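A.B. asks: Contents are PDB, C-alpha atoms; file name data-v2.pdb:
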```pdb
MODEL        1
ATOM      1  CA  MET J   1      27.951  37.151  32.396
ATOM      2  CA  GLU J   2      27.261  37.527  36.083
ATOM      3  CA  HIS J   3      23.903  37.192  37.848
ATOM      4  CA  GLY J   4      22.032  40.408  38.103
ATOM      5  CA  GLU J   5      23.441  41.948  34.935
ATOM      6  CA  PRO J   6      20.940  42.584  32.174
ATOM      7  CA  GLY J   7      21.725  40.515  29.110
ATOM      8  CA  LEU J   8      20.433  38.144  26.504
ATOM      9  CA  LEU J   9      19.584  35.327  28.897
ATOM     10  CA  ARG J  10      16.349  35.443  30.883
ATOM     11  CA  THR J  11      16.715  34.989  34.571
ATOM     12  CA  ASP J  12      13.004  34.690  35.428
ATOM     13  CA  PRO J  13      11.562  31.166  35.473
ATOM     14  CA  VAL J  14       9.768  29.946  32.348
ATOM     15  CA  PRO J  15       6.697  27.759  32.979
ATOM     16  CA  GLU J  16       7.215  24.074  32.160
ATOM     17  CA  ALA J  17       4.870  22.110  29.892
ATOM     18  CA  GLY J  18       1.602  21.566  31.710
ATOM     19  CA  GLU J  19       2.320  24.269  34.255
ATOM     20  CA  ASP J  20      -0.227  27.039  34.377
ATOM     21  CA  ALA J  21       1.461  30.295  33.367
ATOM     22  CA  ALA J  22      -0.968  32.218  35.544
ATOM     23  CA  ALA J  23       0.177  30.206  38.560
ATOM     24  CA  THR J  24       3.677  31.634  38.256
ATOM     25  CA  ILE J  25       2.432  35.204  38.622
ATOM     26  CA  ASP J  26       2.142  36.462  42.162
ATOM     27  CA  THR J  27      -1.260  38.167  42.357
ATOM     28  CA  THR J  28      -1.687  38.110  46.108
ATOM     29  CA  ASP J  29      -0.370  41.653  46.300
ATOM     30  CA  THR J  30      -2.976  43.001  43.875
ATOM     31  CA  LEU J  31      -6.052  41.186  45.301
ATOM     32  CA  SER J  32      -7.732  42.071  48.534
ATOM     33  CA  GLN J  33      -8.276  39.457  51.208
ATOM     34  CA  GLU J  34     -12.003  39.293  50.374
ATOM     35  CA  GLU J  35     -11.312  38.823  46.622
ATOM     36  CA  GLN J  36      -8.868  36.035  47.366
ATOM     37  CA  GLU J  37     -11.397  34.293  49.621
ATOM     38  CA  GLU J  38     -14.105  34.600  46.946
ATOM     39  CA  LEU J  39     -11.776  33.139  44.309
ATOM     40  CA  ARG J  40     -10.872  30.233  46.596
ATOM     41  CA  ARG J  41     -14.570  29.428  47.098
ATOM     42  CA  GLU J  42     -15.172  29.612  43.339
ATOM     43  CA  LEU J  43     -12.122  27.384  42.725
ATOM     44  CA  ALA J  44     -13.405  24.794  45.182
ATOM     45  CA  LYS J  45     -16.853  24.905  43.570
ATOM     46  CA  VAL J  46     -15.451  24.438  40.028
ATOM     47  CA  GLU J  47     -13.188  21.582  41.173
ATOM     48  CA  GLU J  48     -16.209  19.907  42.793
ATOM     49  CA  GLU J  49     -18.200  20.293  39.561
ATOM     50  CA  ILE J  50     -15.319  18.764  37.591
ATOM     51  CA  GLN J  51     -15.228  15.825  39.998
ATOM     52  CA  THR J  52     -19.004  15.354  39.666
ATOM     53  CA  LEU J  53     -18.867  15.533  35.872
ATOM     54  CA  SER J  54     -16.030  12.986  35.832
ATOM     55  CA  GLN J  55     -18.125  10.614  37.954
ATOM     56  CA  VAL J  56     -21.184  11.114  35.707
ATOM     57  CA  LEU J  57     -19.065  10.490  32.609
ATOM     58  CA  ALA J  58     -17.596   7.302  34.098
ATOM     59  CA  ALA J  59     -21.117   6.076  34.990
ATOM     60  CA  LYS J  60     -22.373   6.810  31.458
ATOM     61  CA  GLU J  61     -19.381   5.028  29.893
ATOM     62  CA  LYS J  62     -20.095   2.001  32.105
ATOM     63  CA  HIS J  63     -23.761   2.100  31.042
ATOM     64  CA  VAL J  64     -22.805   2.279  27.357
ATOM     65  CA  ALA J  65     -20.490  -0.721  27.792
ATOM     66  CA  GLU J  66     -23.299  -2.690  29.437
ATOM     67  CA  ILE J  67     -25.746  -1.852  26.629
ATOM     68  CA  LYS J  68     -23.177  -2.862  23.983
ATOM     69  CA  ARG J  69     -22.537  -6.121  25.838
ATOM     70  CA  LYS J  70     -26.269  -6.896  25.878
ATOM     71  CA  LEU J  71     -26.532  -6.095  22.148
ATOM     72  CA  GLY J  72     -23.550  -8.306  21.383
ATOM     73  CA  ILE J  73     -21.453  -5.461  20.026
ATOM     74  CA  SER J  74     -17.800  -6.314  20.551
ATOM     75  CA  SER J  75     -14.794  -4.044  20.461
ATOM     76  CA  LEU J  76     -13.726  -5.705  17.219
ATOM     77  CA  GLN J  77     -17.071  -4.935  15.598
ATOM     78  CA  GLU J  78     -16.824  -1.342  16.753
ATOM     79  CA  PHE J  79     -13.315  -1.134  15.377
ATOM     80  CA  ARG J  80     -14.485  -2.497  12.011
ATOM     81  CA  GLN J  81     -17.350  -0.016  11.913
ATOM     82  CA  ASN J  82     -14.989   2.830  12.751
ATOM     83  CA  ILE J  83     -12.588   1.754  10.012
ATOM     84  CA  ALA J  84     -15.424   1.460   7.480
ATOM     85  CA  LYS J  85     -16.771   4.866   8.439
ATOM     86  CA  GLY J  86     -13.290   6.379   8.302
ATOM     87  CA  TRP J  87     -12.675   4.891   4.853
ATOM     88  CA  GLN J  88     -16.028   6.198   3.664
ATOM     89  CA  ASP J  89     -15.137   9.648   4.961
ATOM     90  CA  VAL J  90     -11.778   9.507   3.168
ATOM     91  CA  THR J  91     -13.314   8.439  -0.149
ATOM     92  CA  GLU J  92     -15.738  11.345  -0.003
ATOM     93  CA  THR J  93     -13.001  13.963   0.307
ATOM     94  CA  PRO J  94     -12.184  16.124  -2.718
ATOM     95  CA  ALA J  95      -8.495  15.153  -2.478
ATOM     96  CA  TYR J  96      -9.316  11.435  -2.744
ATOM     97  CA  LYS J  97     -11.684  12.011  -5.650
ATOM     98  CA  LYS J  98      -9.095  14.086  -7.504
ATOM     99  CA  THR J  99      -6.373  11.490  -6.879
ATOM    100  CA  SER J 100      -8.673   8.677  -8.003
ATOM    101  CA  GLU J 101      -9.514  10.518 -11.234
ATOM    102  CA  THR J 102      -5.854  11.241 -11.907
ATOM    103  CA  LEU J 103      -4.842   7.602 -11.354
ATOM    104  CA  SER J 104      -7.690   6.424 -13.569
ATOM    105  CA  GLN J 105      -6.539   8.704 -16.365
ATOM    106  CA  ALA J 106      -2.947   7.578 -15.907
ATOM    107  CA  GLY J 107      -4.066   3.936 -16.104
ATOM    108  CA  GLN J 108      -5.960   4.589 -19.321
ATOM    109  CA  LYS J 109      -2.951   6.317 -20.845
ATOM    110  CA  ALA J 110      -0.657   3.474 -19.756
ATOM    111  CA  SER J 111      -3.028   0.902 -21.293
ATOM    112  CA  ALA J 112      -3.047   2.824 -24.548
ATOM    113  CA  ALA J 113       0.752   3.048 -24.495
ATOM    114  CA  PHE J 114       1.124  -0.698 -23.875
ATOM    115  CA  ALA J 115      -1.313  -1.474 -26.679
ATOM    116  CA  SER J 116       0.689   0.785 -28.972
ATOM    117  CA  VAL J 117       3.957  -0.898 -27.981
ATOM    118  CA  GLY J 118       2.385  -4.319 -28.558
ATOM    119  CA  SER J 119       1.254  -3.404 -32.050
ATOM    120  CA  VAL J 120       4.704  -1.980 -32.868
ATOM    121  CA  ILE J 121       6.380  -5.195 -31.685
ATOM    122  CA  THR J 122       3.941  -7.294 -33.718
ATOM    123  CA  LYS J 123       4.648  -5.198 -36.818
ATOM    124  CA  LYS J 124       8.413  -5.513 -36.308
ATOM    125  CA  LEU J 125       8.167  -9.302 -35.905
ATOM    126  CA  GLU J 126       6.131  -9.512 -39.110
ATOM    127  CA  ASP J 127       8.774  -7.404 -40.863
ATOM    128  CA  VAL J 128      11.516  -9.754 -39.618
ATOM    129  CA  LYS J 129       9.537 -12.825 -40.720
ATOM    130  CA  ASN J 130       9.084 -11.338 -44.193
ATOM    131  CA  SER J 131      12.716 -10.236 -44.510
ATOM    132  CA  PRO J 132      14.997 -11.943 -47.069
ATOM    133  CA  THR J 133      17.374 -13.080 -44.313
ATOM    134  CA  PHE J 134      14.629 -14.857 -42.415
ATOM    135  CA  LYS J 135      13.250 -16.380 -45.634
ATOM    136  CA  SER J 136      16.732 -17.713 -46.433
ATOM    137  CA  PHE J 137      17.052 -19.151 -42.910
ATOM    138  CA  GLU J 138      13.591 -20.719 -43.183
ATOM    139  CA  GLU J 139      14.542 -22.354 -46.502
ATOM    140  CA  LYS J 140      17.731 -23.766 -44.990
ATOM    141  CA  VAL J 141      15.784 -25.219 -42.075
ATOM    142  CA  GLU J 142      13.246 -26.757 -44.457
ATOM    143  CA  ASN J 143      16.066 -28.273 -46.525
ATOM    144  CA  LEU J 144      17.656 -29.621 -43.359
ATOM    145  CA  LYS J 145      14.327 -31.094 -42.349
ATOM    146  CA  ALA J 146      13.870 -32.729 -45.714
ATOM    147  CA  SER J 147      17.325 -34.239 -45.632
ATOM    148  CA  ARG J 148      16.785 -35.545 -42.066
ATOM    149  CA  GLU J 149      13.436 -37.045 -42.975
ATOM    150  CA  SER J 150      14.889 -38.798 -45.979
ATOM    151  CA  LYS J 151      17.647 -40.276 -43.789
ATOM    152  CA  VAL J 152      15.263 -41.209 -40.960
ATOM    153  CA  GLY J 153      12.449 -42.244 -43.273
ATOM    154  CA  GLY J 154       9.924 -39.476 -42.716
ATOM    155  CA  THR J 155       6.736 -39.583 -44.727
ATOM    156  CA  LYS J 156       5.797 -35.906 -44.726
ATOM    157  CA  PRO J 157       6.637 -33.879 -47.786
ATOM    158  CA  ALA J 158       9.069 -30.975 -47.362
ATOM    159  CA  GLY J 159       7.492 -27.678 -46.483
ATOM    160  CA  GLY J 160       4.953 -26.831 -43.798
ATOM    161  CA  ASP J 161       5.089 -23.969 -41.416
ATOM    162  CA  PHE J 162       8.201 -22.954 -39.525
ATOM    163  CA  GLY J 163       7.020 -24.412 -36.186
ATOM    164  CA  ASP J 164       6.476 -27.828 -37.772
ATOM    165  CA  VAL J 165       9.933 -27.646 -39.322
ATOM    166  CA  LEU J 166      11.613 -26.894 -36.013
ATOM    167  CA  ASN J 167       9.654 -29.612 -34.162
ATOM    168  CA  SER J 168      10.400 -32.279 -36.725
ATOM    169  CA  THR J 169      14.075 -31.326 -36.837
ATOM    170  CA  ALA J 170      14.321 -31.575 -33.079
ATOM    171  CA  ASN J 171      12.535 -34.946 -33.104
ATOM    172  CA  ALA J 172      14.799 -36.253 -35.852
ATOM    173  CA  SER J 173      17.897 -35.172 -33.930
ATOM    174  CA  ALA J 174      16.635 -36.857 -30.784
ATOM    175  CA  THR J 175      15.862 -40.080 -32.646
ATOM    176  CA  ALA J 176      19.302 -40.166 -34.257
ATOM    177  CA  MET J 177      20.955 -39.711 -30.852
ATOM    178  CA  GLU J 178      19.074 -42.555 -29.071
ATOM    179  CA  PRO J 179      21.134 -45.722 -28.546
ATOM    180  CA  HIS J 180      19.949 -48.751 -30.466
ATOM    181  CA  PRO J 181      19.027 -51.780 -28.316
ATOM    182  CA  GLU J 182      21.228 -54.227 -30.231
ATOM    183  CA  LYS J 183      24.314 -52.020 -29.746
ATOM    184  CA  THR J 184      23.843 -51.617 -25.998
ATOM    185  CA  GLN J 185      23.292 -55.296 -25.165
ATOM    186  CA  GLU J 186      26.359 -57.213 -24.250
ATOM    187  CA  GLY J 187      26.739 -60.888 -25.107
ATOM    188  CA  PRO J 188      26.968 -63.665 -22.480
TER     189      PRO J 188
ENDMDL
END
```
Written as structure tokens, how would this file's structure read?

C.D. replies:
Amino acid sequence: MEHGEPGLLRTDPVPEAGEDAAATIDTTDTLSQEEQEELRRELAKVEEEIQTLSQVLAAKEKHVAEIKRKLGISSLQEFRQNIAKGWQDVTETPAYKKTSETLSQAGQKASAAFASVGSVITKKLEDVKNSPTFKSFEEKVENLKASRESKVGGTKPAGGDFGDVLNSTANASATAMEPHPEKTQEGP
């Protein structure tokens, strides 16, 4: 496509970011000399007011900083206060409240589910403990314990709970495996 031909591409300049779109329009042809002069005076006046307001703002910011310094308010304290205020504002929003309620309900449901799972596991373990297979295993362990105690010289009668049986069996095995002092000493 050649220059000058009408087409899809624009040939007029597009204002850049920050550029005043009105500044790209040539209005000098439509305004009289007097109107242009009046607008220039008004522009100068507004720019002067902006400058004055900027100076007043800078002076007030300096004054605020001086007052804060005298009160002992540091930037860190201000930051903390801003964070606290921001958090308070967030917690007061409907979205936060709704989310908090939802998470609370979910936590309650999860707690109930875990409690239910715990009771099911407890019931299953009780069922296993009361099963004939486990009873048979428990009897064999008790018999093993009794035979070990009779060999080692235990004084407890056979029986007791399962934990005692396992502990005594383990102790008896450990005692049987220890080297005797007379066997480990060598003669001169």

A.B. asks: CA of Tyr96 in chain J and CA of Ala84 in chain J, how far apart in Å?

C.D. replies: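 Going from CA of Ala84 in chain J over to CA of Tyr96 in chain J covers 15.5 Å.
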
A.B. asks: To one decimal place in Å, what is the distance between CA of Gly163 in chain J and CA of Phe134 in chain J?

C.D. replies: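 Going from CA of Gly163 in chain J over to CA of Phe134 in chain J covers 13.7 Å.
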
A.B. asks: One decimal, in Å: what's the spacing between CA of Lys97 in chain J and CA of Arg80 in chain J?

C.D. replies: 23.0 Å

A.B. asks: Would you please work out which residue, of J:Ser111, J:Gln36, J:Gln105, J:Ser168, is nearest to Val152 in chain J when using all atoms listed in the file?

C.D. replies: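 Nearest to Val152 in chain J: J:Ser168.
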
A.B. asks: For Glu142 in chain J, which residue out of J:Ser75, J:Asn167, J:Ser54, J:Ser100 is the nearest one, using only C-alpha atoms?

C.D. replies: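 Answer, going by the shortest atom-to-atom distance: J:Asn167.
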
A.B. asks: Could you put an axis-aligned box around every listed atom of range 132-149 of chain J, padded by 8 Å on each side, and send me its centre and edge lengths in Å to one decimal, as lines of an AutoDock Vina configuration file?

C.D. replies:
```
center_x = 15.5
center_y = -24.5
center_z = -44.6
size_x = 20.5
size_y = 41.1
size_z = 21.0
```
